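Q: So I've got this file, my_file.csv, and it contains CSV, C-alpha atoms:
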```csv
chain,number,residue,atom,x,y,z
A,14,GLU,CA,237.3,-26.3,53.0
A,15,LEU,CA,239.9,-25.1,55.6
A,16,ASP,CA,237.1,-23.5,57.7
A,17,LEU,CA,235.4,-26.8,57.7
A,18,LEU,CA,238.5,-28.6,58.8
A,19,ARG,CA,239.3,-26.1,61.5
A,20,TRP,CA,235.9,-26.5,63.1
A,21,MET,CA,236.4,-30.3,63.0
A,22,LEU,CA,239.9,-30.0,64.5
A,23,LEU,CA,238.4,-27.9,67.4
A,24,GLY,CA,235.7,-30.5,67.9
A,25,CYS,CA,238.1,-33.4,68.0
A,26,THR,CA,240.4,-31.6,70.4
A,27,LEU,CA,237.5,-30.8,72.8
A,28,ALA,CA,236.2,-34.4,72.5
A,29,ALA,CA,239.6,-35.9,73.2
A,30,VAL,CA,240.4,-33.7,76.2
A,31,CYS,CA,237.0,-33.3,77.9
A,32,THR,CA,235.9,-36.9,77.6
A,33,THR,CA,239.2,-38.1,79.0
A,34,PHE,CA,238.5,-36.3,82.2
A,35,ASN,CA,234.9,-37.5,82.1
A,36,SER,CA,236.0,-41.2,81.7
A,37,PHE,CA,238.4,-40.9,84.7
A,38,SER,CA,235.8,-39.2,86.8
A,39,THR,CA,233.4,-42.2,86.5
A,40,PHE,CA,235.7,-44.2,88.9
A,41,GLY,CA,234.8,-41.8,91.7
A,42,PRO,CA,236.7,-42.3,94.9
A,43,GLU,CA,239.1,-44.9,93.4
A,44,LEU,CA,240.8,-42.2,91.3
A,45,LEU,CA,239.8,-38.9,92.8
A,46,THR,CA,240.4,-39.5,96.5
A,47,GLY,CA,242.9,-42.3,96.3
A,48,SER,CA,241.0,-44.3,99.0
A,49,GLU,CA,241.5,-47.4,96.8
A,50,THR,CA,244.1,-48.6,94.4
A,51,HIS,CA,242.3,-49.5,91.2
A,52,ASP,CA,243.8,-52.2,89.1
A,53,PHE,CA,243.4,-51.3,85.4
A,54,SER,CA,244.9,-54.5,84.2
A,55,ASP,CA,242.0,-56.6,85.7
A,56,MET,CA,239.8,-57.1,82.6
A,57,SER,CA,237.4,-59.3,84.7
A,58,ASP,CA,236.3,-56.0,86.2
A,59,LEU,CA,233.6,-54.7,83.8
A,60,ARG,CA,234.4,-51.2,84.9
A,61,ASN,CA,237.8,-51.5,83.2
A,62,ILE,CA,236.1,-52.6,80.0
A,63,VAL,CA,233.7,-49.7,80.1
A,64,PHE,CA,236.6,-47.3,80.9
A,65,PHE,CA,238.8,-48.5,78.1
A,66,GLY,CA,235.9,-48.6,75.7
A,67,GLN,CA,235.1,-45.0,76.4
A,68,LEU,CA,238.7,-44.0,76.0
A,69,LEU,CA,238.8,-45.8,72.6
A,70,LEU,CA,235.5,-44.3,71.4
A,71,TRP,CA,235.8,-40.8,72.8
A,72,THR,CA,239.6,-40.1,73.0
A,73,ILE,CA,241.7,-42.3,70.7
A,74,VAL,CA,239.6,-42.1,67.6
A,75,PRO,CA,239.1,-38.3,67.8
A,76,ALA,CA,242.8,-37.9,68.5
A,77,CYS,CA,243.8,-39.9,65.4
A,78,LEU,CA,241.4,-37.9,63.3
A,79,GLY,CA,242.7,-34.6,64.8
A,80,CYS,CA,246.2,-35.6,63.8
A,81,LEU,CA,245.1,-36.1,60.2
A,82,LEU,CA,243.2,-32.7,60.3
A,83,ALA,CA,246.3,-31.0,61.7
A,84,LEU,CA,248.5,-32.5,58.9
A,85,ARG,CA,246.0,-31.3,56.3
A,86,ILE,CA,245.7,-27.8,57.7
A,87,PHE,CA,249.2,-27.0,58.8
A,88,ARG,CA,251.3,-29.3,56.5
A,89,ASP,CA,249.0,-29.2,53.4
A,90,LYS,CA,248.9,-33.1,53.3
A,91,PHE,CA,246.1,-35.3,51.9
A,92,LYS,CA,244.8,-32.6,49.6
A,93,ALA,CA,243.3,-35.2,47.2
A,94,TRP,CA,241.0,-36.7,49.9
A,95,ASN,CA,237.3,-35.9,49.8
A,96,TRP,CA,237.1,-34.1,53.2
A,97,GLU,CA,233.4,-33.4,52.9
A,98,VAL,CA,232.8,-37.1,53.0
A,99,ILE,CA,235.3,-37.7,55.8
A,100,VAL,CA,233.8,-34.9,57.9
A,101,THR,CA,230.3,-36.2,57.3
A,102,CYS,CA,231.3,-39.8,58.3
A,103,THR,CA,233.0,-38.3,61.4
A,104,MET,CA,229.9,-36.5,62.4
A,105,CYS,CA,227.9,-39.7,61.9
A,106,TYR,CA,230.4,-41.5,64.1
A,107,GLY,CA,230.2,-38.8,66.7
A,108,ILE,CA,226.4,-38.8,67.0
A,109,VAL,CA,226.4,-42.6,67.2
A,110,VAL,CA,229.1,-42.6,69.9
A,111,ILE,CA,227.1,-40.0,71.9
A,112,VAL,CA,224.4,-42.6,72.4
A,113,VAL,CA,226.4,-45.9,72.5
A,114,GLY,CA,229.4,-44.6,74.3
A,115,GLN,CA,227.6,-43.1,77.3
A,116,LEU,CA,228.2,-44.9,80.6
A,117,PHE,CA,224.8,-46.3,81.1
A,118,HIS,CA,224.4,-47.7,77.5
A,119,LEU,CA,227.9,-49.0,77.3
A,120,THR,CA,227.6,-50.8,80.6
A,121,LYS,CA,224.3,-52.4,79.4
A,122,ILE,CA,225.9,-53.3,76.0
A,123,ILE,CA,228.7,-55.3,77.6
A,124,GLY,CA,226.2,-57.1,79.9
A,125,GLY,CA,227.1,-55.2,83.1
A,126,ASP,CA,224.9,-54.0,85.9
A,127,ILE,CA,224.6,-50.3,86.2
A,128,GLU,CA,224.6,-50.7,90.0
A,129,MET,CA,228.3,-51.4,89.9
A,130,TRP,CA,228.8,-47.7,89.6
A,131,LYS,CA,228.7,-45.9,92.9
A,132,SER,CA,227.0,-42.8,91.6
A,133,ASP,CA,223.2,-42.7,91.9
A,134,ASP,CA,222.8,-40.3,89.1
A,135,VAL,CA,224.3,-42.3,86.3
A,136,THR,CA,221.1,-43.2,84.5
A,137,CYS,CA,219.7,-39.7,84.7
A,138,SER,CA,223.0,-38.1,83.8
A,139,ALA,CA,223.5,-40.4,80.8
A,140,GLU,CA,220.0,-39.6,79.5
A,141,ALA,CA,220.5,-35.8,79.9
A,142,TRP,CA,223.9,-35.9,78.2
A,143,VAL,CA,222.6,-38.1,75.4
A,144,LEU,CA,219.7,-35.8,74.5
A,145,LEU,CA,221.9,-32.7,74.8
A,146,GLY,CA,224.6,-34.3,72.7
A,147,LEU,CA,222.2,-35.3,70.0
A,148,ASN,CA,220.8,-31.8,69.8
A,149,THR,CA,224.3,-30.3,69.8
A,150,MET,CA,225.6,-32.5,67.1
A,151,THR,CA,222.6,-32.0,64.9
A,152,ASN,CA,222.8,-28.2,65.2
A,153,ALA,CA,226.6,-28.4,64.5
A,154,ALA,CA,226.1,-30.5,61.4
A,155,CYS,CA,223.2,-28.4,60.0
A,156,PHE,CA,224.2,-24.8,61.0
A,157,PHE,CA,228.0,-24.5,61.6
A,158,LEU,CA,229.7,-27.0,59.3
A,159,PRO,CA,229.6,-26.0,55.6
A,160,VAL,CA,228.3,-29.5,54.5
A,161,ARG,CA,225.7,-29.8,51.8
A,162,SER,CA,222.1,-30.6,53.1
A,163,ILE,CA,222.0,-33.5,50.7
A,164,VAL,CA,224.4,-35.4,53.0
A,165,SER,CA,224.0,-33.6,56.3
A,166,TRP,CA,220.6,-35.3,56.9
A,167,LEU,CA,222.5,-38.5,57.6
A,168,VAL,CA,223.8,-37.1,61.0
A,169,PRO,CA,220.4,-36.6,62.7
A,170,VAL,CA,218.9,-39.7,61.2
A,171,LEU,CA,221.7,-41.9,62.5
A,172,GLY,CA,221.4,-40.3,65.9
A,173,LEU,CA,217.7,-40.8,66.1
A,174,MET,CA,218.0,-44.4,64.9
A,175,THR,CA,220.7,-45.2,67.4
A,176,TYR,CA,218.8,-43.6,70.3
A,177,SER,CA,215.6,-45.5,69.3
A,178,VAL,CA,217.5,-48.8,69.1
A,179,MET,CA,219.1,-48.3,72.5
A,180,LYS,CA,215.7,-47.5,74.1
A,181,ALA,CA,214.0,-50.5,72.4
A,182,SER,CA,216.9,-52.8,73.4
A,183,PHE,CA,216.8,-51.9,77.1
A,184,ALA,CA,213.5,-52.2,78.8
A,185,THR,CA,212.2,-49.0,80.3
A,186,THR,CA,209.2,-48.3,82.5
A,187,ASP,CA,208.6,-44.8,80.9
A,188,ALA,CA,207.7,-45.9,77.4
A,189,ILE,CA,205.5,-42.8,76.8
A,190,GLY,CA,208.3,-40.5,77.9
A,191,VAL,CA,210.7,-42.2,75.5
A,192,VAL,CA,208.2,-41.8,72.6
A,193,VAL,CA,207.8,-38.1,73.5
A,194,LYS,CA,211.5,-37.6,73.6
A,195,ILE,CA,212.0,-39.3,70.2
A,196,LEU,CA,209.2,-37.2,68.7
A,197,LEU,CA,210.7,-34.0,70.0
A,198,LEU,CA,214.1,-35.0,68.7
A,199,ILE,CA,212.6,-35.7,65.3
A,200,ALA,CA,211.0,-32.2,65.3
A,201,LEU,CA,214.2,-30.5,66.4
A,202,SER,CA,216.3,-32.4,63.9
A,203,TYR,CA,213.8,-31.6,61.1
A,204,LEU,CA,213.8,-27.9,61.9
A,205,ALA,CA,217.5,-27.8,62.0
A,206,TRP,CA,218.0,-29.6,58.8
A,207,HIS,CA,215.2,-27.7,57.0
A,208,GLY,CA,216.7,-24.4,58.1
A,209,SER,CA,220.1,-25.5,56.8
A,210,ALA,CA,218.5,-26.5,53.5
A,211,ASN,CA,216.8,-23.2,53.1
A,212,ASN,CA,220.0,-21.3,54.0
A,213,GLU,CA,221.9,-23.4,51.4
A,214,LYS,CA,219.2,-22.7,48.8
A,215,HIS,CA,219.6,-18.9,49.4
A,216,LEU,CA,223.3,-19.2,49.1
A,217,ARG,CA,223.1,-21.1,45.9
A,218,THR,CA,220.7,-18.6,44.5
A,219,GLU,CA,223.1,-15.8,45.4
A,220,TRP,CA,226.0,-17.7,43.8
A,221,ARG,CA,224.0,-18.2,40.6
A,222,VAL,CA,223.1,-14.5,40.5
A,223,LEU,CA,226.8,-13.6,41.0
A,224,GLN,CA,227.8,-16.0,38.3
A,225,GLU,CA,225.3,-14.4,35.9
A,226,VAL,CA,226.5,-10.9,36.8
A,227,ARG,CA,230.1,-12.0,36.2
A,228,LYS,CA,229.2,-13.5,32.8
A,229,ALA,CA,227.3,-10.3,31.9
A,230,ALA,CA,230.3,-8.2,32.9
A,231,GLU,CA,232.5,-10.5,30.7
A,232,LYS,CA,230.2,-10.1,27.8
A,233,ILE,CA,230.2,-6.3,28.2
A,234,VAL,CA,234.0,-6.3,28.2
A,235,GLU,CA,234.0,-8.4,25.1
A,236,GLN,CA,231.6,-6.1,23.4
A,237,GLN,CA,233.7,-3.1,24.4
A,238,VAL,CA,236.8,-4.8,22.9
A,239,SER,CA,234.8,-5.6,19.7
A,240,ILE,CA,233.6,-2.0,19.4
A,241,GLN,CA,237.1,-0.7,19.9
A,242,GLN,CA,238.4,-3.0,17.2
A,243,ARG,CA,235.6,-2.0,14.9
A,244,ALA,CA,236.3,1.6,15.5
A,245,ARG,CA,240.0,1.1,14.7
A,246,GLU,CA,239.1,-0.7,11.5
A,247,ILE,CA,236.8,2.2,10.5
A,248,GLU,CA,239.5,4.7,11.2
A,249,GLU,CA,242.0,2.8,9.1
A,250,LYS,CA,239.5,2.6,6.2
A,251,GLU,CA,238.8,6.4,6.5
A,252,ARG,CA,242.6,7.1,6.4
A,253,GLU,CA,242.9,4.9,3.3
A,254,ILE,CA,240.0,6.7,1.6
A,255,GLU,CA,241.6,10.0,2.5
A,256,ALA,CA,244.9,8.9,1.1
A,257,THR,CA,243.3,7.7,-2.1
A,258,THR,CA,241.3,10.9,-2.4
A,259,ASP,CA,244.5,13.0,-2.0
A,260,LEU,CA,246.3,10.8,-4.6
A,261,VAL,CA,243.5,11.3,-7.1
A,262,LYS,CA,243.5,15.1,-6.5
A,263,SER,CA,247.2,15.3,-7.0
A,264,LEU,CA,246.9,13.4,-10.3
```
For this file, write the structure as structure tokens.
A:
Amino acid sequence: ELDLLRWMLLGCTLAAVCTTFNSFSTFGPELLTGSETHDFSDMSDLRNIVFFGQLLLWTIVPACLGCLLALRIFRDKFKAWNWEVIVTCTMCYGIVVIVVGQLFHLTKIIGGDIEMWKSDDVTCSAEAWVLLGLNTMTNAACFFLPVRSIVSWLVPVLGLMTYSVMKASFATTDAIGVVVKILLLIALSYLAWHGSANNEKHLRTEWRVLQEVRKAAEKIVEQQVSIQQRAREIEEKEREIEATTDLVKSL
């Protein structure tokens, strides 16, 4: 369990740190060059809503979870909690946020125009990061985190569903390309999950064999103890017979 929690703590830390810089970088010249003074308190500016939304989704929530993980790992708190369920829910949250929390999708969700961002590569960049993030989260859930395959399938399924809903909600001119991407994601997700399930099957088989070997060893020890006790009983009876024989001879 501690290995699982350490991996999750590392992931939460990277998410909180890296995405904070990514959120600030979306403001381009306003923040990086200081050519303008950006007013973060102006909530009529949709860029501020997107910015704070990304901070909430990508930074604040992972930071809070990271604090809980740190307390569990280093202070031995919350031992009674079912951390497998918590980690699985966290992975599901992460793979959904990868799609919903990207700049392009989040701007569209709040009803903004993507043209309000000065970068010309926002749409392409968001698409590339979404696909890369989905694949990374799926591989992490299936191969690196010791979560049972009976629950790990939720992570890629939620990611695929969220991505499909986003693409269906926002009109796109490349419908065939979107279908191809979804099919490829389904194939990659299935391969990752199937490989994880097979690996888990082999581990469970090895565990059962070890349990059988341990039980056999315990039975052998019990039999040895029983044989030793029987041998002591036979020796005691032989000594009694010898004592009785000596007594009869002396009489």
Q: What is the distance between CA of Val100 (chain A) and CA of Gly172 (chain A), in Å to one decimal?
A: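 These two atoms are separated by 15.7 Å.
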Q: Just the number, please: distance in Å from CA of Leu22 (chain A) to CA of Leu82 (chain A), one decimal.
A: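 It comes out at 6.0 Å.
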Q: Return the single residue from A:Ala153, A:Val98, A:Cys105, A:Ala28 that is closest to Leu173 (chain A), with distances computed using only C-alpha atoms.
A: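 Distance minimum relative to Leu173 (chain A) lands on A:Cys105.
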Q: Work out how far CA of Leu197 (chain A) is from CA of Arg161 (chain A), in Å to one decimal.
A: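 CA of Leu197 (chain A) lies 24.0 Å from CA of Arg161 (chain A).
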Q: Here is a test: counting only C-alpha atoms, which residue of A:Leu204, A:Leu158, A:Val234, A:Leu18 is nearest to Phe87 (chain A)?
A: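 With only C-alpha atoms as the atom set, the closest residue is A:Leu18.
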Q: For each of A:Asn212, A:Leu196, A:Lys232, A:His118, take the minimum atom-to-atom distance to Phe183 (chain A), counting all atoms listed in the file, then give the residue where this is smallest.
A: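 Closest to Phe183 (chain A) of all the choices is A:His118.
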Q: Tell me which protein, DNA and RNA residues are within 12 Å of Leu84 (chain A), counting all atoms listed in the file, leaving out same-chain ones fewer than 6 positions away, and put them as a PyMOL selection string.
A: chain A and resi 15+18-19+22+77-78+90-92
Q: Which polymer residues, whether protein, DNA or RNA, lie within 12 Å of the coordinate (221.5, -26.7, 62.5) when you count all atoms listed in the file? List them as a ChimeraX atom specification, using the chain letters and numbers from the file.
A: /A:147-162,165-166,168-169,201-213
Q: Between A:Ala256, A:Cys31, A:Leu167, A:Ala83, which residue has the minimum interatomic distance to Thr101 (chain A), considering only C-alpha atoms?
A: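 Of A:Ala256, A:Cys31, A:Leu167, A:Ala83, the one nearest Thr101 (chain A) is A:Leu167, counting only C-alpha atoms.
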Q: Check the smallest atom-to-atom distance from each of A:Ile122, A:Ile73, A:Val170, A:Met56 to Val109 (chain A) using only C-alpha atoms, then report the winner.
A: A:Val170
